[in-house]
file work-v6.json (JSON, C-alpha atoms)
[["chain", "number", "residue", "atom", "x", "y", "z"],
["A", 1431, "MET", "CA", 0.00, 0.00, 0.00],
["A", 1432, "ILE", "CA", 2.80, 2.42, 0.94],
["A", 1433, "VAL", "CA", 4.64, 1.71, -2.30],
["A", 1434, "PHE", "CA", 1.45, 2.32, -4.28],
["A", 1435, "VAL", "CA", 0.88, 5.69, -2.57],
["A", 1436, "LYS", "CA", 4.48, 6.71, -3.22],
["A", 1437, "LYS", "CA", 4.10, 5.88, -6.91],
["A", 1438, "ILE", "CA", 1.00, 8.06, -7.19],
["A", 1439, "LEU", "CA", 2.63, 10.95, -5.34],
["A", 1440, "PHE", "CA", 5.75, 10.69, -7.48],
["A", 1441, "LYS", "CA", 3.64, 10.97, -10.63],
["A", 1442, "LEU", "CA", 1.49, 13.84, -9.36],
["A", 1443, "LEU", "CA", 4.04, 16.02, -7.57],
["A", 1444, "SER", "CA", 7.21, 17.80, -8.64],
["A", 1445, "GLN", "CA", 10.40, 16.09, -7.52],
["A", 1446, "ARG", "CA", 11.06, 18.70, -4.84],
["A", 1447, "THR", "CA", 7.51, 18.54, -3.46],
["A", 1448, "TYR", "CA", 7.61, 14.75, -3.48],
["A", 1449, "LEU", "CA", 10.83, 14.71, -1.44],
["A", 1450, "LYS", "CA", 9.45, 17.31, 1.00],
["A", 1451, "THR", "CA", 6.32, 15.19, 1.41],
["A", 1452, "LEU", "CA", 8.36, 12.09, 2.28],
["A", 1453, "GLN", "CA", 10.33, 14.15, 4.77],
["A", 1454, "ARG", "CA", 7.24, 15.63, 6.45],
["A", 1455, "VAL", "CA", 5.38, 12.33, 6.64],
["A", 1456, "PHE", "CA", 8.40, 10.66, 8.23],
["A", 1457, "TYR", "CA", 8.67, 13.25, 10.99],
["A", 1458, "LEU", "CA", 4.93, 13.27, 11.56],
["A", 1459, "MET", "CA", 4.94, 9.51, 12.11],
["A", 1460, "TYR", "CA", 8.19, 9.65, 14.07],
["A", 1461, "ASP", "CA", 6.96, 12.33, 16.47],
["A", 1462, "MET", "CA", 3.72, 10.41, 17.00],
["A", 1463, "GLY", "CA", 5.74, 7.31, 17.90],
["A", 1464, "GLN", "CA", 4.28, 5.34, 15.02],
["A", 1465, "LEU", "CA", 7.70, 3.97, 14.01],
["A", 1466, "LYS", "CA", 9.13, 3.08, 17.42],
["A", 1467, "ASN", "CA", 8.32, -0.63, 17.15],
["A", 1468, "ASP", "CA", 9.77, -0.94, 13.66],
["A", 1469, "VAL", "CA", 13.35, -2.27, 13.78],
["A", 1470, "ARG", "CA", 14.24, -0.23, 10.68],
["A", 1471, "PHE", "CA", 13.96, 2.89, 12.83],
["A", 1472, "LYS", "CA", 15.54, 1.62, 16.05],
["A", 1473, "TYR", "CA", 18.48, 4.01, 15.82],
["A", 1474, "HIS", "CA", 16.21, 6.97, 15.06],
["A", 1475, "TYR", "CA", 14.71, 6.55, 18.52],
["A", 1476, "ALA", "CA", 17.85, 5.31, 20.29],
["A", 1477, "VAL", "CA", 19.78, 8.49, 19.53],
["A", 1478, "LYS", "CA", 17.34, 10.36, 21.78],
["A", 1479, "LYS", "CA", 18.97, 8.47, 24.67],
["A", 1480, "ILE", "CA", 22.53, 8.57, 23.34],
["A", 1481, "ILE", "CA", 23.01, 12.18, 22.17],
["A", 1482, "LEU", "CA", 23.73, 14.79, 24.86],
["A", 1483, "PRO", "CA", 22.70, 18.49, 24.57],
["A", 1484, "ASN", "CA", 26.29, 19.69, 24.12],
["A", 1485, "TYR", "CA", 27.31, 17.11, 21.52],
["A", 1486, "ASN", "CA", 28.85, 18.12, 18.21],
["A", 1487, "VAL", "CA", 27.40, 15.71, 15.65],
["A", 1488, "VAL", "CA", 28.43, 14.96, 12.06],
["A", 1489, "ASP", "CA", 25.89, 13.32, 9.75],
["A", 1490, "ILE", "CA", 27.68, 11.89, 6.70],
["A", 1491, "GLY", "CA", 25.15, 11.00, 4.03],
["A", 1492, "ALA", "CA", 22.31, 12.97, 5.61],
["A", 1493, "ASN", "CA", 19.79, 12.17, 2.86],
["A", 1494, "LEU", "CA", 16.50, 14.02, 3.57],
["A", 1495, "GLY", "CA", 17.37, 14.61, 7.22],
["A", 1496, "TYR", "CA", 15.80, 11.59, 8.86],
["A", 1497, "PHE", "CA", 18.54, 11.82, 11.50],
["A", 1498, "SER", "CA", 19.79, 15.39, 11.09],
["A", 1499, "LYS", "CA", 16.67, 17.16, 12.32],
["A", 1500, "ASN", "CA", 16.56, 14.93, 15.37],
["A", 1501, "PHE", "CA", 20.26, 15.55, 16.01],
["A", 1502, "ALA", "CA", 19.60, 19.30, 15.88],
["A", 1503, "ARG", "CA", 16.70, 19.01, 18.30],
["A", 1504, "LEU", "CA", 18.88, 17.07, 20.73],
["A", 1505, "THR", "CA", 21.92, 19.39, 20.67],
["A", 1506, "PRO", "CA", 20.83, 22.95, 21.61],
["A", 1507, "LYS", "CA", 24.23, 23.51, 23.25],
["A", 1508, "GLY", "CA", 26.20, 21.73, 20.55],
["A", 1509, "SER", "CA", 26.29, 21.64, 16.77],
["A", 1510, "VAL", "CA", 25.28, 19.53, 13.76],
["A", 1511, "LEU", "CA", 27.10, 19.27, 10.45],
["A", 1512, "SER", "CA", 25.01, 17.53, 7.78],
["A", 1513, "ILE", "CA", 26.84, 16.38, 4.65],
["A", 1514, "GLU", "CA", 24.66, 15.42, 1.67],
["A", 1515, "PRO", "CA", 26.08, 15.01, -1.85],
["A", 1516, "VAL", "CA", 22.84, 14.56, -3.83],
["A", 1517, "LYS", "CA", 21.74, 18.05, -4.89],
["A", 1518, "PRO", "CA", 17.92, 17.59, -4.76],
["A", 1519, "PHE", "CA", 18.21, 15.99, -1.31],
["A", 1520, "PHE", "CA", 20.55, 18.75, -0.13],
["A", 1521, "GLU", "CA", 18.12, 21.48, -1.21],
["A", 1522, "VAL", "CA", 15.21, 19.94, 0.70],
["A", 1523, "LEU", "CA", 17.43, 19.15, 3.69],
["A", 1524, "LYS", "CA", 18.81, 22.69, 3.85],
["A", 1525, "LYS", "CA", 15.32, 24.14, 4.13],
["A", 1526, "LEU", "CA", 14.40, 21.63, 6.84],
["A", 1527, "MET", "CA", 17.44, 22.57, 8.92],
["A", 1528, "ALA", "CA", 17.27, 26.33, 8.37],
["A", 1529, "LYS", "CA", 15.55, 27.03, 11.70],
["A", 1530, "PHE", "CA", 18.41, 25.49, 13.68],
["A", 1531, "SER", "CA", 21.10, 28.15, 14.09],
["A", 1532, "HIS", "CA", 23.60, 25.56, 15.35],
["A", 1533, "ALA", "CA", 23.23, 23.36, 12.25],
["A", 1534, "THR", "CA", 25.19, 23.55, 9.00],
["A", 1535, "VAL", "CA", 24.30, 21.72, 5.79],
["A", 1536, "VAL", "CA", 26.84, 21.25, 2.98],
["A", 1537, "ASN", "CA", 26.56, 19.77, -0.51],
["A", 1538, "TYR", "CA", 29.74, 17.72, -0.81],
["A", 1539, "ALA", "CA", 30.89, 14.18, -1.29],
["A", 1540, "LEU", "CA", 33.76, 13.13, 0.93],
["A", 1541, "GLY", "CA", 36.78, 11.46, -0.62],
["A", 1542, "ASN", "CA", 40.54, 11.09, -0.51],
["A", 1543, "GLU", "CA", 41.25, 13.73, -3.14],
["A", 1544, "LYS", "CA", 39.58, 16.90, -4.36],
["A", 1545, "GLY", "CA", 37.64, 16.96, -7.61],
["A", 1546, "THR", "CA", 34.14, 16.06, -8.77],
["A", 1547, "ILE", "CA", 32.20, 12.85, -8.98],
["A", 1548, "THR", "CA", 28.96, 11.71, -10.61],
["A", 1549, "MET", "CA", 26.20, 10.68, -8.24],
["A", 1550, "VAL", "CA", 23.35, 8.49, -9.45],
["A", 1551, "MET", "CA", 19.81, 8.95, -8.11],
["A", 1552, "PRO", "CA", 18.09, 5.67, -9.05],
["A", 1553, "GLU", "CA", 14.48, 5.43, -10.11],
["A", 1554, "SER", "CA", 12.79, 2.04, -10.13],
["A", 1555, "ASN", "CA", 9.34, 0.62, -9.60],
["A", 1556, "GLY", "CA", 7.92, 3.98, -10.65],
["A", 1557, "MET", "CA", 9.60, 6.24, -8.09],
["A", 1558, "ILE", "CA", 12.89, 7.62, -6.75],
["A", 1559, "ARG", "CA", 14.79, 5.19, -4.54],
["A", 1560, "THR", "CA", 15.71, 7.75, -1.90],
["A", 1561, "GLY", "CA", 17.84, 5.34, 0.10],
["A", 1562, "LEU", "CA", 20.05, 4.24, -2.79],
["A", 1563, "PRO", "CA", 21.90, 7.23, -4.32],
["A", 1564, "HIS", "CA", 25.48, 6.24, -5.01],
["A", 1565, "ILE", "CA", 28.56, 7.00, -7.07],
["A", 1566, "ALA", "CA", 28.09, 6.04, -10.72],
["A", 1567, "GLU", "CA", 29.94, 2.83, -11.50],
["A", 1568, "SER", "CA", 29.80, 2.98, -15.30],
["A", 1569, "GLU", "CA", 28.85, 5.13, -18.26],
["A", 1570, "GLU", "CA", 25.91, 2.83, -18.87],
["A", 1571, "GLU", "CA", 24.55, 3.49, -15.39],
["A", 1572, "LYS", "CA", 24.84, 7.23, -15.98],
["A", 1573, "LYS", "CA", 22.63, 6.86, -19.05],
["A", 1574, "GLN", "CA", 19.99, 4.86, -17.20],
["A", 1575, "HIS", "CA", 19.42, 7.18, -14.25],
["A", 1576, "LYS", "CA", 19.37, 10.84, -13.27],
["A", 1577, "THR", "CA", 22.82, 12.04, -12.26],
["A", 1578, "HIS", "CA", 24.41, 15.02, -10.51],
["A", 1579, "GLU", "CA", 27.99, 16.23, -10.50],
["A", 1580, "VAL", "CA", 29.19, 16.77, -6.95],
["A", 1581, "GLU", "CA", 32.27, 18.44, -5.55],
["A", 1582, "ILE", "CA", 34.57, 16.15, -3.58],
["A", 1583, "VAL", "CA", 36.28, 17.46, -0.46],
["A", 1584, "LYS", "CA", 38.55, 15.75, 2.01],
["A", 1585, "GLY", "CA", 36.72, 14.99, 5.23],
["A", 1586, "SER", "CA", 39.88, 15.67, 7.21],
["A", 1587, "GLU", "CA", 39.86, 19.26, 5.91],
["A", 1588, "LEU", "CA", 36.11, 19.79, 6.28],
["A", 1589, "LEU", "CA", 36.11, 18.57, 9.87],
["A", 1590, "ASN", "CA", 39.35, 20.26, 10.83],
["A", 1591, "ASP", "CA", 37.75, 23.34, 12.41],
["A", 1592, "ILE", "CA", 35.38, 21.42, 14.71],
["A", 1593, "GLU", "CA", 36.81, 21.72, 18.21],
["A", 1594, "ARG", "CA", 35.31, 18.44, 19.42],
["A", 1595, "ILE", "CA", 33.40, 15.70, 17.58],
["A", 1596, "ASP", "CA", 31.21, 13.52, 19.79],
["A", 1597, "TYR", "CA", 29.08, 11.51, 17.38],
["A", 1598, "ILE", "CA", 29.31, 10.54, 13.72],
["A", 1599, "LYS", "CA", 26.51, 8.88, 11.79],
["A", 1600, "CYS", "CA", 27.50, 7.54, 8.38],
["A", 1601, "ASP", "CA", 25.43, 6.01, 5.58],
["A", 1602, "ILE", "CA", 27.18, 6.34, 2.22],
["A", 1603, "GLU", "CA", 26.34, 3.16, 0.32],
["A", 1604, "GLY", "CA", 29.62, 1.26, 0.40],
["A", 1605, "TYR", "CA", 32.01, 4.22, 0.21],
["A", 1606, "GLU", "CA", 32.73, 4.14, 3.94],
["A", 1607, "VAL", "CA", 36.16, 2.53, 3.57],
["A", 1608, "VAL", "CA", 37.51, 5.41, 1.47],
["A", 1609, "VAL", "CA", 36.00, 8.13, 3.65],
["A", 1610, "PHE", "CA", 36.98, 6.69, 7.02],
["A", 1611, "GLU", "CA", 40.51, 5.89, 5.96],
["A", 1612, "GLU", "CA", 40.90, 9.53, 4.91],
["A", 1613, "ILE", "CA", 39.57, 10.81, 8.27],
["A", 1614, "LYS", "CA", 41.47, 8.28, 10.38],
["A", 1615, "ALA", "CA", 43.45, 10.99, 12.14],
["A", 1616, "VAL", "CA", 40.19, 12.82, 12.97],
["A", 1617, "ILE", "CA", 38.67, 9.67, 14.47],
["A", 1618, "SER", "CA", 41.86, 8.99, 16.43],
["A", 1619, "GLN", "CA", 41.92, 12.53, 17.81],
["A", 1620, "HIS", "CA", 38.27, 12.97, 18.80],
["A", 1621, "LYS", "CA", 37.25, 9.36, 19.51],
["A", 1622, "PRO", "CA", 33.57, 9.99, 18.66],
["A", 1623, "ILE", "CA", 30.80, 7.45, 18.96],
["A", 1624, "VAL", "CA", 30.32, 6.12, 15.42],
["A", 1625, "GLN", "CA", 27.01, 4.85, 14.06],
["A", 1626, "ILE", "CA", 27.69, 3.39, 10.63],
["A", 1627, "GLU", "CA", 26.07, 1.34, 7.92],
["A", 1628, "ILE", "CA", 28.66, -1.04, 6.47],
["A", 1629, "GLY", "CA", 28.30, -2.85, 3.16],
["A", 1630, "PRO", "CA", 28.88, -6.62, 3.51],
["A", 1631, "GLU", "CA", 31.88, -6.41, 1.21],
["A", 1632, "ASN", "CA", 33.49, -3.87, 3.55],
["A", 1633, "GLU", "CA", 32.83, -5.49, 6.91],
["A", 1634, "LYS", "CA", 36.23, -7.08, 7.55],
["A", 1635, "THR", "CA", 38.08, -3.94, 6.47],
["A", 1636, "MET", "CA", 35.97, -1.72, 8.72],
["A", 1637, "PHE", "CA", 36.14, -4.10, 11.68],
["A", 1638, "ASP", "CA", 39.92, -4.11, 11.40],
["A", 1639, "TYR", "CA", 39.89, -0.32, 11.08],
["A", 1640, "PHE", "CA", 37.97, 0.27, 14.30],
["A", 1641, "ASN", "CA", 39.90, -2.43, 16.12],
["A", 1642, "SER", "CA", 43.15, -0.70, 15.18],
["A", 1643, "LEU", "CA", 41.82, 2.48, 16.81],
["A", 1644, "ASN", "CA", 40.80, 0.66, 20.02],
["A", 1645, "TYR", "CA", 37.06, 0.81, 19.42],
["A", 1646, "VAL", "CA", 34.57, -1.65, 20.89],
["A", 1647, "GLN", "CA", 31.64, -2.91, 18.82],
["A", 1648, "TYR", "CA", 28.11, -2.35, 20.08],
["A", 1649, "GLY", "CA", 24.71, -2.47, 18.40],
["A", 1650, "ILE", "CA", 20.98, -2.53, 19.02],
["A", 1651, "SER", "CA", 19.02, -5.74, 19.49],
["A", 1652, "LYS", "CA", 15.39, -5.88, 20.57],
["A", 1653, "PHE", "CA", 15.59, -2.09, 20.98],
["A", 1654, "LYS", "CA", 18.34, -2.36, 23.62],
["A", 1655, "ILE", "CA", 22.03, -1.45, 23.39],
["A", 1656, "VAL", "CA", 24.15, -4.60, 23.35],
["A", 1657, "LYS", "CA", 27.87, -5.29, 23.30],
["A", 1658, "GLU", "CA", 28.58, -7.36, 20.22],
["A", 1659, "ASN", "CA", 31.07, -10.11, 19.55],
["A", 1660, "PRO", "CA", 33.65, -8.53, 17.20],
["A", 1661, "GLY", "CA", 32.57, -8.85, 13.59],
["A", 1662, "LYS", "CA", 29.09, -10.19, 14.40],
["A", 1663, "GLN", "CA", 25.63, -8.74, 15.07],
["A", 1664, "GLU", "CA", 22.78, -10.01, 17.22],
["A", 1665, "GLU", "CA", 20.36, -8.12, 15.00],
["A", 1666, "GLN", "CA", 20.93, -6.64, 11.55],
["A", 1667, "GLY", "CA", 21.28, -2.88, 11.22],
["A", 1668, "ASP", "CA", 23.83, -0.12, 11.67],
["A", 1669, "PHE", "CA", 26.95, -0.83, 13.67],
["A", 1670, "LEU", "CA", 27.81, 1.22, 16.76],
["A", 1671, "PHE", "CA", 31.45, 1.70, 17.75],
["A", 1672, "ILE", "CA", 32.54, 3.15, 21.11],
["A", 1673, "HIS", "CA", 36.14, 3.99, 21.93],
["A", 1674, "GLU", "CA", 37.42, 1.93, 24.84],
["A", 1675, "LYS", "CA", 38.29, 5.09, 26.82],
["A", 1676, "LYS", "CA", 34.66, 6.21, 26.63],
["A", 1677, "GLU", "CA", 33.04, 2.80, 27.03],
["A", 1678, "ALA", "CA", 32.52, 2.84, 30.80],
["A", 1679, "ASP", "CA", 30.78, 6.24, 30.72],
["A", 1680, "PHE", "CA", 28.65, 5.19, 27.75],
["A", 1681, "VAL", "CA", 27.54, 1.96, 29.44],
["A", 1682, "GLU", "CA", 26.69, 3.79, 32.66],
["A", 1683, "ARG", "CA", 24.59, 6.36, 30.80],
["A", 1684, "MET", "CA", 22.76, 3.67, 28.85],
["A", 1685, "LYS", "CA", 22.01, 1.75, 32.03],
["A", 1686, "ASN", "CA", 20.56, 4.92, 33.58],
["A", 1687, "LYS", "CA", 18.44, 5.37, 30.44],
["A", 1688, "LYS", "CA", 17.33, 1.72, 30.69],
["A", 1689, "MET", "CA", 18.83, 1.03, 27.27],
["A", 1690, "ILE", "CA", 20.99, -1.77, 28.68]]

call {"tool": "encode", "arguments": {"input": "work-v6.json", "output": "structure tokens"}}
result
Amino acid sequence: MIVFVKKILFKLLSQRTYLKTLQRVFYLMYDMGQLKNDVRFKYHYAVKKIILPNYNVVDIGANLGYFSKNFARLTPKGSVLSIEPVKPFFEVLKKLMAKFSHATVVNYALGNEKGTITMVMPESNGMIRTGLPHIAESEEEKKQHKTHEVEIVKGSELLNDIERIDYIKCDIEGYEVVVFEEIKAVISQHKPIVQIEIGPENEKTMFDYFNSLNYVQYGISKFKIVKENPGKQEEQGDFLFIHEKKEADFVERMKNKKMI
């Protein structure tokens, strides 16, 4: 039923209005608690217990702001930097975040060298696949879908002026190895909590990466924070990495919030 409604809306509305509608409907349902029992949104609710008011948060691959707006609500004494490479998403996201003076939205792709890159915004089954924009893999793919040229910046340079980074959320469709290797010094310096979607092909590389930086793997199972066996998950979803120096404080806070 939901897919059918999306198809109709996509046909009737302009692209921008369609994306704004998806955004508004999500936050309406989220604020009403209609999504809290859906495991796909377990992190959207969990961050309300994890993020502190003075946190500086970086949202890499912010999409339409399904996390960014919530991050901004939760950090009145901190800051939010939302990074979204897909131009139509960025434009809608920027308007959503405009009322938060402590939030910044930028239209970049992160990489290991400056330049430009072609982003693909797939359409299938009669509508935009908002969760699947990615870097074009071939000339043929560029011909089949709508594309946007995006400026690449080094994450290490973009994040350089942030005095303290407390939390990073990352969802960049398999490009996490390149981006996190480039910002390794940033991660090592700030030791933020990292919530990250990892493509199956990148799991070993990313597990080794966080292990080398003395991070401990956590996750969410049955809507509770759990300590994971390295390289495994009790329940599928984003991975959560906590630096060992911050683990005791994190666990204590989560126990007080009844998340453990």

call {"tool": "atom_distance", "arguments": {"input": "work-v6.json", "atom1": "CA of Lys1599 in chain A", "atom2": "CA of Lys1621 in chain A"}}
result
13.2 Å

call {"tool": "atom_distance", "arguments": {"input": "work-v6.json", "atom1": "CA of Val1522 in chain A", "atom2": "CA of Gln1666 in chain A"}}
result
29.3 Å

call {"tool": "closest_residue", "arguments": {"input": "work-v6.json", "among": "A:Gly1629, A:Ile1623, A:Glu1521, A:Ser1586", "to": "Asp1679 in chain A", "atoms": "all atoms listed in the file"}}
result
A:Ile1623

call {"tool": "closest_residue", "arguments": {"input": "work-v6.json", "among": "A:Tyr1605, A:Lys1688, A:Phe1610, A:Ile1598", "to": "Phe1671 in chain A", "atoms": "only C-alpha atoms"}}
result
A:Ile1598

call {"tool": "residues_around", "arguments": {"input": "work-v6.json", "residues": "Val1477 in chain A", "least_positions_apart": "2", "cutoff": "9 Å", "atoms": "only C-alpha atoms", "output": "ChimeraX atom specification"}}
result
/A:1472-1475,1479-1481,1497,1500-1501,1504

call {"tool": "atom_distance", "arguments": {"input": "work-v6.json", "atom1": "CA of Val1616 in chain A", "atom2": "CA of Leu1589 in chain A"}}
result
7.7 Å

call {"tool": "residues_near_point", "arguments": {"input": "work-v6.json", "point": "(23.9, 17.4, 3.8)", "cutoff": "7 Å", "atoms": "all atoms listed in the file", "output": "ChimeraX atom specification"}}
result
/A:1491-1493,1512-1515,1520,1523,1535-1537

call {"tool": "closest_residue", "arguments": {"input": "work-v6.json", "among": "A:Gly1661, A:Gly1545, A:Gly1585, A:Pro1622", "to": "Lys1675 in chain A", "atoms": "only C-alpha atoms"}}
result
A:Pro1622

call {"tool": "closest_residue", "arguments": {"input": "work-v6.json", "among": "A:Thr1577, A:Ser1444, A:Gln1625, A:Asn1632", "to": "Met1549 in chain A", "atoms": "only C-alpha atoms"}}
result
A:Thr1577

call {"tool": "residues_around", "arguments": {"input": "work-v6.json", "residues": "Val1455 in chain A", "least_positions_apart": "2", "cutoff": "12 Å", "atoms": "all atoms listed in the file", "output": "short mmCIF file (atom, residue, chain, number, x, y, z; two decimals) with C-alpha atoms, keeping the file's coordinate frame"}}
result
data_model
loop_
_atom_site.label_atom_id
_atom_site.label_comp_id
_atom_site.auth_asym_id
_atom_site.auth_seq_id
_atom_site.Cartn_x
_atom_site.Cartn_y
_atom_site.Cartn_z
CA ILE A 1432 2.80 2.42 0.94
CA LYS A 1436 4.48 6.71 -3.22
CA TYR A 1448 7.61 14.75 -3.48
CA LEU A 1449 10.83 14.71 -1.44
CA LYS A 1450 9.45 17.31 1.00
CA THR A 1451 6.32 15.19 1.41
CA LEU A 1452 8.36 12.09 2.28
CA GLN A 1453 10.33 14.15 4.77
CA TYR A 1457 8.67 13.25 10.99
CA LEU A 1458 4.93 13.27 11.56
CA MET A 1459 4.94 9.51 12.11
CA TYR A 1460 8.19 9.65 14.07
CA ASP A 1461 6.96 12.33 16.47
CA MET A 1462 3.72 10.41 17.00
CA GLN A 1464 4.28 5.34 15.02
CA LEU A 1465 7.70 3.97 14.01
CA LEU A 1494 16.50 14.02 3.57
CA TYR A 1496 15.80 11.59 8.86
#

call {"tool": "residues_around", "arguments": {"input": "work-v6.json", "residues": "Gln1663 in chain A", "least_positions_apart": "5", "cutoff": "10 Å", "atoms": "only C-alpha atoms", "output": "PDB file with C-alpha atoms, keeping the file's coordinate frame"}}
result
ATOM      1  CA  GLN A1647      31.640  -2.910  18.820  1.00  0.00           C
ATOM      2  CA  TYR A1648      28.110  -2.350  20.080  1.00  0.00           C
ATOM      3  CA  GLY A1649      24.710  -2.470  18.400  1.00  0.00           C
ATOM      4  CA  ILE A1650      20.980  -2.530  19.020  1.00  0.00           C
ATOM      5  CA  SER A1651      19.020  -5.740  19.490  1.00  0.00           C
ATOM      6  CA  VAL A1656      24.150  -4.600  23.350  1.00  0.00           C
ATOM      7  CA  LYS A1657      27.870  -5.290  23.300  1.00  0.00           C
ATOM      8  CA  GLU A1658      28.580  -7.360  20.220  1.00  0.00           C
ATOM      9  CA  ASP A1668      23.830  -0.120  11.670  1.00  0.00           C
ATOM     10  CA  PHE A1669      26.950  -0.830  13.670  1.00  0.00           C
TER      11      PHE A1669
END

call {"tool": "residues_near_point", "arguments": {"input": "work-v6.json", "point": "(38.5, 2.4, 4.8)", "cutoff": "10 Å", "atoms": "only C-alpha atoms", "output": "count of residues only"}}
result
19

call {"tool": "closest_residue", "arguments": {"input": "work-v6.json", "among": "A:Glu1581, A:His1532, A:Glu1603, A:Met1551", "to": "Ile1490 in chain A", "atoms": "only C-alpha atoms"}}
result
A:Glu1603
